[in-house]
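Following: one structure in structure tokens, then a few remarks.
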Amino acid sequence: MPRRWIGLAVLAVMMGCKDDTPTAPGPVAPQATVYFATGDVSAKVDEFRNTLGASNGGTAGEQPAGRREINWDGAGANPFNNRNDFPADFFNTNVKAGAVFTTAGTGFRNDSTLFADLNPAYAAQFNFFSATKIFAPVGSNQLDQLFEVAGQPTPAVVRGFGVVFSDVDLEDKTTIQLFAQDGRSLGIFSAPARSDARGLSFLAITYADAIIARVRITLGTGALGVGVNDVSEGGALDLVVLDNVIYGEPRKAF
Ligand SMILES: [Ca+2]
Ligand SMILES: [Ca+2]
């Protein structure tokens, strides 16, 4: 594991302990297993998928095992594609996959043009992992994913979470932060920078038990926008978008 992740994990533990009295032992951070890859990420993505188990697709209700996966490519999303109002709860209403998104921005965009419809320069930056659509918040480079029992408004927890990113240029800026049900941070993990022409990066984390209630995904250093170019295209910001989001079966939280 690269040293930078250890440092971030220690920081997260220290932050989590700051309210403890001197005589009380701090909470022990659960042991995370981290999966990461850059370049051809397929093998590592498959390893993570296999760890979680078979896909439960959009099957309603809590399943005994397996994973859920959002690839943004389904025909059901087509009416919302290339607009800034992709429904935050699409993946637990239209498709019952137990995922609800929030952002401090103004919305979400599911894009079939590699975001070239937003800025023609983006076609040279972004790529898909699963053909052909990719996703980003609008007006922010940060989004949260909350988990629910598939097809129900019931809070849930998962044991693993991962994302395929596109166009990570800067190290330690594109991150996944995980939170437990009580709001405590479980740690911040950073995605490796791109390393080949396709420009994909993968980062995932698992725990032995389903303890992840929320995740915060930070994409590079700024939001996409008309006239906003990537750091590799003369701009000041590292722009990053995401493709496949893969997570353990959401289990009812207690
Ligand atoms: Ca896709
Ligand atoms: Ca970038």
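Residues are named by chain letter and number: chains run A, B, ... in the order of the structure tokens, numbers start at 1 in each chain, and ligands are numbered from 1 in the order shown.
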
Practice item. May I have the residues within 8 Å of segment 166-178 of chain A as a PyMOL selection string, using only C-alpha atoms and disregarding those fewer than 5 positions away in the same chain? Key: chain A and resi 4+125-128+185-194+199-201+212-221+231-232+238-243

Take the residues that were just selected and, keeping N, CA, C and O atoms, output them as a short mmCIF file (atom, residue, chain, number, x, y, z; two decimals), in the first residue's frame.
```cif
data_model
loop_
_atom_site.label_atom_id
_atom_site.label_comp_id
_atom_site.auth_asym_id
_atom_site.auth_seq_id
_atom_site.Cartn_x
_atom_site.Cartn_y
_atom_site.Cartn_z
N ARG A 4 1.15 7.19 1.17
CA ARG A 4 0.21 8.31 1.28
C ARG A 4 -1.14 7.86 1.84
O ARG A 4 -1.81 8.59 2.52
N GLN A 125 -10.32 14.38 -23.03
CA GLN A 125 -9.93 14.11 -21.64
C GLN A 125 -10.58 12.84 -21.10
O GLN A 125 -9.92 12.02 -20.49
N PHE A 126 -11.89 12.73 -21.32
CA PHE A 126 -12.65 11.70 -20.61
C PHE A 126 -12.89 10.48 -21.49
O PHE A 126 -12.97 10.56 -22.71
N ASN A 127 -13.00 9.35 -20.81
CA ASN A 127 -13.33 8.08 -21.45
C ASN A 127 -14.30 7.33 -20.58
O ASN A 127 -14.39 7.56 -19.38
N PHE A 128 -15.01 6.38 -21.20
CA PHE A 128 -15.85 5.48 -20.41
C PHE A 128 -15.09 4.21 -20.11
O PHE A 128 -14.14 3.85 -20.79
N SER A 185 -16.14 9.16 10.38
CA SER A 185 -15.37 8.86 9.17
C SER A 185 -14.57 7.58 9.38
O SER A 185 -13.88 7.41 10.38
N LEU A 186 -14.66 6.69 8.42
CA LEU A 186 -13.88 5.45 8.46
C LEU A 186 -12.53 5.63 7.79
O LEU A 186 -11.65 4.79 7.91
N GLY A 187 -12.37 6.73 7.04
CA GLY A 187 -11.10 6.99 6.38
C GLY A 187 -11.29 7.64 5.03
O GLY A 187 -12.39 7.65 4.47
N ILE A 188 -10.20 8.24 4.53
CA ILE A 188 -10.18 8.86 3.20
C ILE A 188 -9.14 8.11 2.38
O ILE A 188 -8.01 7.90 2.83
N PHE A 189 -9.53 7.69 1.18
CA PHE A 189 -8.65 6.90 0.32
C PHE A 189 -8.54 7.62 -1.02
O PHE A 189 -9.53 8.14 -1.53
N SER A 190 -7.34 7.64 -1.60
CA SER A 190 -7.17 8.41 -2.83
C SER A 190 -6.90 7.51 -4.03
O SER A 190 -6.22 6.49 -3.93
N ALA A 191 -7.46 7.92 -5.17
CA ALA A 191 -7.33 7.17 -6.41
C ALA A 191 -5.99 7.49 -7.08
O ALA A 191 -5.54 8.63 -7.05
N PRO A 192 -5.35 6.50 -7.67
CA PRO A 192 -4.10 6.76 -8.38
C PRO A 192 -4.34 7.57 -9.66
O PRO A 192 -5.40 7.49 -10.27
N ALA A 193 -3.33 8.33 -10.06
CA ALA A 193 -3.42 9.13 -11.29
C ALA A 193 -3.42 8.24 -12.53
O ALA A 193 -2.94 7.10 -12.49
N ARG A 194 -3.92 8.76 -13.60
CA ARG A 194 -3.99 8.03 -14.87
C ARG A 194 -2.59 7.71 -15.36
O ARG A 194 -1.63 8.45 -15.08
N GLY A 199 -6.77 6.51 -19.72
CA GLY A 199 -6.89 7.42 -18.59
C GLY A 199 -7.83 7.03 -17.47
O GLY A 199 -8.36 7.90 -16.78
N LEU A 200 -8.04 5.73 -17.26
CA LEU A 200 -8.93 5.29 -16.19
C LEU A 200 -8.15 4.98 -14.92
O LEU A 200 -6.98 4.58 -14.97
N SER A 201 -8.81 5.16 -13.78
CA SER A 201 -8.26 4.79 -12.48
C SER A 201 -9.36 4.08 -11.69
O SER A 201 -10.54 4.39 -11.87
N ILE A 212 -20.47 0.59 6.02
CA ILE A 212 -20.43 1.84 5.26
C ILE A 212 -21.86 2.33 5.03
O ILE A 212 -22.65 1.66 4.36
N ALA A 213 -22.18 3.50 5.62
CA ALA A 213 -23.53 4.03 5.48
C ALA A 213 -23.60 5.16 4.45
O ALA A 213 -24.67 5.47 3.93
N ARG A 214 -22.46 5.78 4.21
CA ARG A 214 -22.42 6.91 3.27
C ARG A 214 -21.02 7.01 2.71
O ARG A 214 -20.04 6.68 3.41
N VAL A 215 -20.90 7.46 1.47
CA VAL A 215 -19.58 7.72 0.89
C VAL A 215 -19.58 9.12 0.29
O VAL A 215 -20.59 9.60 -0.21
N ARG A 216 -18.44 9.77 0.38
CA ARG A 216 -18.25 11.07 -0.27
C ARG A 216 -17.18 10.92 -1.33
O ARG A 216 -16.03 10.55 -1.03
N ILE A 217 -17.56 11.21 -2.56
CA ILE A 217 -16.65 11.09 -3.69
C ILE A 217 -16.21 12.49 -4.09
O ILE A 217 -17.05 13.36 -4.39
N THR A 218 -14.90 12.74 -4.06
CA THR A 218 -14.35 14.03 -4.51
C THR A 218 -13.61 13.80 -5.81
O THR A 218 -12.70 12.97 -5.89
N LEU A 219 -14.03 14.54 -6.84
CA LEU A 219 -13.50 14.36 -8.20
C LEU A 219 -12.52 15.49 -8.50
O LEU A 219 -12.93 16.62 -8.81
N GLY A 220 -11.22 15.21 -8.41
CA GLY A 220 -10.22 16.20 -8.75
C GLY A 220 -10.35 17.46 -7.92
O GLY A 220 -10.68 17.41 -6.72
N THR A 221 -10.12 18.62 -8.57
CA THR A 221 -10.05 19.87 -7.80
C THR A 221 -11.09 20.91 -8.22
O THR A 221 -11.05 22.04 -7.73
N VAL A 231 -6.52 20.59 -16.29
CA VAL A 231 -5.13 20.97 -16.03
C VAL A 231 -4.21 20.50 -17.15
O VAL A 231 -3.16 21.11 -17.42
N SER A 232 -4.58 19.43 -17.84
CA SER A 232 -3.77 18.93 -18.95
C SER A 232 -4.11 19.60 -20.28
O SER A 232 -3.55 19.27 -21.32
N ASP A 238 -7.91 20.12 -12.00
CA ASP A 238 -7.95 18.73 -12.44
C ASP A 238 -9.41 18.28 -12.46
O ASP A 238 -10.03 18.11 -11.41
N LEU A 239 -9.95 18.15 -13.67
CA LEU A 239 -11.33 17.73 -13.84
C LEU A 239 -11.37 16.20 -13.94
O LEU A 239 -10.56 15.60 -14.66
N VAL A 240 -12.29 15.60 -13.22
CA VAL A 240 -12.41 14.14 -13.15
C VAL A 240 -13.89 13.79 -13.17
O VAL A 240 -14.70 14.50 -12.56
N VAL A 241 -14.25 12.73 -13.88
CA VAL A 241 -15.63 12.23 -13.86
C VAL A 241 -15.60 10.76 -13.47
O VAL A 241 -14.54 10.19 -13.26
N LEU A 242 -16.77 10.15 -13.36
CA LEU A 242 -16.79 8.76 -12.92
C LEU A 242 -17.62 7.90 -13.85
O LEU A 242 -18.53 8.38 -14.52
N ASP A 243 -17.25 6.63 -13.87
CA ASP A 243 -18.08 5.65 -14.55
C ASP A 243 -18.55 4.63 -13.51
O ASP A 243 -19.09 5.05 -12.49
#
```

Could the residues of chain A that have an atom at most 9 Å from ligand 1 be listed as JSON lines, each with its closest atom pair and the distance in Å to one decimal, counting only C-alpha atoms and all ligand atoms and ordered by chain and ascending residue number?
```
{"residue": "A:Ile70", "atom": "CA", "partner": "ligand 1", "partner_atom_place_in_ligand_line": "1 (Ca)", "distance": 8.0}
{"residue": "A:Asn71", "atom": "CA", "partner": "ligand 1", "partner_atom_place_in_ligand_line": "1 (Ca)", "distance": 4.4}
{"residue": "A:Trp72", "atom": "CA", "partner": "ligand 1", "partner_atom_place_in_ligand_line": "1 (Ca)", "distance": 4.9}
{"residue": "A:Asp73", "atom": "CA", "partner": "ligand 1", "partner_atom_place_in_ligand_line": "1 (Ca)", "distance": 5.1}
{"residue": "A:Gly74", "atom": "CA", "partner": "ligand 1", "partner_atom_place_in_ligand_line": "1 (Ca)", "distance": 8.7}
{"residue": "A:Ser112", "atom": "CA", "partner": "ligand 1", "partner_atom_place_in_ligand_line": "1 (Ca)", "distance": 8.6}
{"residue": "A:Phe128", "atom": "CA", "partner": "ligand 1", "partner_atom_place_in_ligand_line": "1 (Ca)", "distance": 5.5}
{"residue": "A:Phe129", "atom": "CA", "partner": "ligand 1", "partner_atom_place_in_ligand_line": "1 (Ca)", "distance": 5.8}
{"residue": "A:Ser130", "atom": "CA", "partner": "ligand 1", "partner_atom_place_in_ligand_line": "1 (Ca)", "distance": 3.9}
{"residue": "A:Ala131", "atom": "CA", "partner": "ligand 1", "partner_atom_place_in_ligand_line": "1 (Ca)", "distance": 5.0}
{"residue": "A:Thr132", "atom": "CA", "partner": "ligand 1", "partner_atom_place_in_ligand_line": "1 (Ca)", "distance": 5.0}
{"residue": "A:Lys133", "atom": "CA", "partner": "ligand 1", "partner_atom_place_in_ligand_line": "1 (Ca)", "distance": 4.1}
{"residue": "A:Ile134", "atom": "CA", "partner": "ligand 1", "partner_atom_place_in_ligand_line": "1 (Ca)", "distance": 5.0}
{"residue": "A:Phe135", "atom": "CA", "partner": "ligand 1", "partner_atom_place_in_ligand_line": "1 (Ca)", "distance": 7.9}
{"residue": "A:Leu242", "atom": "CA", "partner": "ligand 1", "partner_atom_place_in_ligand_line": "1 (Ca)", "distance": 8.5}
{"residue": "A:Asp243", "atom": "CA", "partner": "ligand 1", "partner_atom_place_in_ligand_line": "1 (Ca)", "distance": 5.1}
{"residue": "A:Asn244", "atom": "CA", "partner": "ligand 1", "partner_atom_place_in_ligand_line": "1 (Ca)", "distance": 6.0}
```

**Study point:** Selected residue of minimal separation from Glu233 of chain A among A:Asn78, A:Asn110, A:Asn119, A:Thr102, counting only C-alpha atoms
**Key:** A:Asn119

Point to revise | Residues of segment 100-208 of chain A in strand (DSSP E or B), written as an NGL selection string | key: :A and (100-102 or 107-111 or 134-138 or 142-148 or 155-158 or 160-166 or 175-179 or 185-190 or 200-206)

Review point. Could you work out how far atom CA of Gly39 of chain A lies from atom CA of Gly57 of chain A, giving the answer in Å with one decimal?
Key: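 Those two atoms sit 26.7 Å apart.
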
Study note, to complete from the structure: Of A:Pro79, A:Gly66, A:Pro153, A:Gly235, the one nearest to Glu249 of chain A when counting only C-alpha atoms is A:Gly66

Exercise for review: Within 6 Å of segment 154-161 of chain A, counting only C-alpha atoms, which residues show up once you throw out same-chain ones fewer than 6 positions away? Write them as a list in words, please.
Suggested key: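 Once the nearby chain positions are removed, what remains is Phe147, Glu148, Ala204, Ile205, Thr206, Tyr207, Asp209, Ala210, Ile211, Ile212, Ala213, Ile246, Tyr247, Gly248, Pro250, Arg251, Lys252 and Ala253 of chain A.
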
Limited to N, CA, C and O atoms, could you put the picked residues into a file as a PDB file, in the first residue's frame?
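Written out: out.pdb:
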```pdb
ATOM      1  N   PHE A 147     -27.009   4.772   0.977  1.00  0.00           N
ATOM      2  CA  PHE A 147     -27.505   3.438   0.639  1.00  0.00           C
ATOM      3  C   PHE A 147     -28.869   3.211   1.273  1.00  0.00           C
ATOM      4  O   PHE A 147     -29.127   3.646   2.398  1.00  0.00           O
ATOM      5  N   GLU A 148     -29.725   2.519   0.531  1.00  0.00           N
ATOM      6  CA  GLU A 148     -31.038   2.125   1.017  1.00  0.00           C
ATOM      7  C   GLU A 148     -31.274   0.672   0.608  1.00  0.00           C
ATOM      8  O   GLU A 148     -30.682   0.188  -0.364  1.00  0.00           O
ATOM      9  N   ALA A 204     -11.252   1.049  -4.694  1.00  0.00           N
ATOM     10  CA  ALA A 204     -12.344   0.408  -3.960  1.00  0.00           C
ATOM     11  C   ALA A 204     -11.849   0.007  -2.578  1.00  0.00           C
ATOM     12  O   ALA A 204     -10.648  -0.188  -2.370  1.00  0.00           O
ATOM     13  N   ILE A 205     -12.790  -0.111  -1.660  1.00  0.00           N
ATOM     14  CA  ILE A 205     -12.477  -0.464  -0.266  1.00  0.00           C
ATOM     15  C   ILE A 205     -13.511  -1.481   0.213  1.00  0.00           C
ATOM     16  O   ILE A 205     -14.704  -1.329  -0.059  1.00  0.00           O
ATOM     17  N   THR A 206     -13.040  -2.479   0.927  1.00  0.00           N
ATOM     18  CA  THR A 206     -13.981  -3.399   1.581  1.00  0.00           C
ATOM     19  C   THR A 206     -13.655  -3.526   3.064  1.00  0.00           C
ATOM     20  O   THR A 206     -12.522  -3.285   3.497  1.00  0.00           O
ATOM     21  N   TYR A 207     -14.658  -3.918   3.824  1.00  0.00           N
ATOM     22  CA  TYR A 207     -14.515  -4.300   5.230  1.00  0.00           C
ATOM     23  C   TYR A 207     -15.119  -5.689   5.400  1.00  0.00           C
ATOM     24  O   TYR A 207     -15.874  -6.161   4.544  1.00  0.00           O
ATOM     25  N   ASP A 209     -17.357  -6.488   7.526  1.00  0.00           N
ATOM     26  CA  ASP A 209     -18.794  -6.356   7.787  1.00  0.00           C
ATOM     27  C   ASP A 209     -19.361  -5.153   7.044  1.00  0.00           C
ATOM     28  O   ASP A 209     -18.622  -4.265   6.630  1.00  0.00           O
ATOM     29  N   ALA A 210     -20.666  -5.116   6.921  1.00  0.00           N
ATOM     30  CA  ALA A 210     -21.344  -3.991   6.268  1.00  0.00           C
ATOM     31  C   ALA A 210     -21.409  -2.828   7.256  1.00  0.00           C
ATOM     32  O   ALA A 210     -22.285  -2.781   8.125  1.00  0.00           O
ATOM     33  N   ILE A 211     -20.473  -1.885   7.130  1.00  0.00           N
ATOM     34  CA  ILE A 211     -20.388  -0.755   8.071  1.00  0.00           C
ATOM     35  C   ILE A 211     -20.390   0.588   7.359  1.00  0.00           C
ATOM     36  O   ILE A 211     -20.323   1.631   7.998  1.00  0.00           O
ATOM     37  N   ILE A 212     -20.471   0.585   6.020  1.00  0.00           N
ATOM     38  CA  ILE A 212     -20.429   1.843   5.261  1.00  0.00           C
ATOM     39  C   ILE A 212     -21.865   2.325   5.032  1.00  0.00           C
ATOM     40  O   ILE A 212     -22.651   1.662   4.361  1.00  0.00           O
ATOM     41  N   ALA A 213     -22.181   3.496   5.622  1.00  0.00           N
ATOM     42  CA  ALA A 213     -23.534   4.034   5.477  1.00  0.00           C
ATOM     43  C   ALA A 213     -23.600   5.163   4.453  1.00  0.00           C
ATOM     44  O   ALA A 213     -24.670   5.466   3.926  1.00  0.00           O
ATOM     45  N   ILE A 246     -19.572   0.534  -7.883  1.00  0.00           N
ATOM     46  CA  ILE A 246     -19.793  -0.874  -7.511  1.00  0.00           C
ATOM     47  C   ILE A 246     -19.816  -0.953  -5.987  1.00  0.00           C
ATOM     48  O   ILE A 246     -18.924  -0.416  -5.318  1.00  0.00           O
ATOM     49  N   TYR A 247     -20.824  -1.629  -5.424  1.00  0.00           N
ATOM     50  CA  TYR A 247     -20.920  -1.679  -3.960  1.00  0.00           C
ATOM     51  C   TYR A 247     -21.605  -2.968  -3.519  1.00  0.00           C
ATOM     52  O   TYR A 247     -22.323  -3.610  -4.274  1.00  0.00           O
ATOM     53  N   GLY A 248     -21.352  -3.300  -2.267  1.00  0.00           N
ATOM     54  CA  GLY A 248     -21.951  -4.494  -1.706  1.00  0.00           C
ATOM     55  C   GLY A 248     -23.458  -4.361  -1.597  1.00  0.00           C
ATOM     56  O   GLY A 248     -24.021  -3.254  -1.605  1.00  0.00           O
ATOM     57  N   PRO A 250     -26.857  -3.590  -0.336  1.00  0.00           N
ATOM     58  CA  PRO A 250     -27.285  -2.755   0.791  1.00  0.00           C
ATOM     59  C   PRO A 250     -28.131  -3.562   1.782  1.00  0.00           C
ATOM     60  O   PRO A 250     -29.141  -4.160   1.411  1.00  0.00           O
ATOM     61  N   ARG A 251     -27.690  -3.550   3.039  1.00  0.00           N
ATOM     62  CA  ARG A 251     -28.389  -4.286   4.104  1.00  0.00           C
ATOM     63  C   ARG A 251     -29.010  -3.300   5.064  1.00  0.00           C
ATOM     64  O   ARG A 251     -28.400  -2.285   5.397  1.00  0.00           O
ATOM     65  N   LYS A 252     -30.210  -3.600   5.510  1.00  0.00           N
ATOM     66  CA  LYS A 252     -30.931  -2.705   6.414  1.00  0.00           C
ATOM     67  C   LYS A 252     -30.037  -2.334   7.592  1.00  0.00           C
ATOM     68  O   LYS A 252     -29.472  -3.203   8.258  1.00  0.00           O
ATOM     69  N   ALA A 253     -29.948  -1.023   7.857  1.00  0.00           N
ATOM     70  CA  ALA A 253     -29.124  -0.535   8.962  1.00  0.00           C
ATOM     71  C   ALA A 253     -29.921  -0.609  10.265  1.00  0.00           C
ATOM     72  O   ALA A 253     -31.120  -0.362  10.272  1.00  0.00           O
TER      73      ALA A 253
END
```

**Study point:** Test item: residues at most 9 Å from Leu224 of chain A, only C-alpha atoms, excluding those fewer than 4 positions along its chain, as a ChimeraX atom specification
**Key:** /A:115,118-119,136-141,228-230,239-241

Check your understanding: What is the atom CA of Ala54 of chain A to atom CA of Ala99 of chain A distance in Å?
Key ->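 Atom-to-atom, atom CA of Ala54 of chain A and atom CA of Ala99 of chain A are spaced 17.3 Å apart.
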
Exercise for review: Point out the residue among A:Ala150, A:Ala124, A:Leu143, A:Val34 with the least atom-to-atom distance to Ala197 of chain A, counting only C-alpha atoms.
Suggested key: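 Selected residue with least distance to Ala197 of chain A: A:Ala124.
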
Revision key, fill the gap. From the list A:Gln152, A:Gln63, A:Thr106, A:Thr51, the nearest residue to Asn92 of chain A using only C-alpha atoms is A:Gln152

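The coordinates place atom CA of Phe90 of chain A at 22.7 Å from atom CA of Leu52 of chain A.
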
Exercise for review: Determine, counting only C-alpha atoms, which protein, DNA and RNA residues have an atom within 12 Å of an atom of Asp46 of chain A; residues of the same chain fewer than 4 positions away are not included. Present the result as a PyMOL selection string.
Suggested key: chain A and resi 35-37+40-42+50-55+67+69+162+164+202+204+244+246

Point to revise | Pick from A:Val226, A:Ala236, A:Phe254, A:Val245 nearest to ligand 2, counting only C-alpha atoms and all ligand atoms | key: A:Ala236
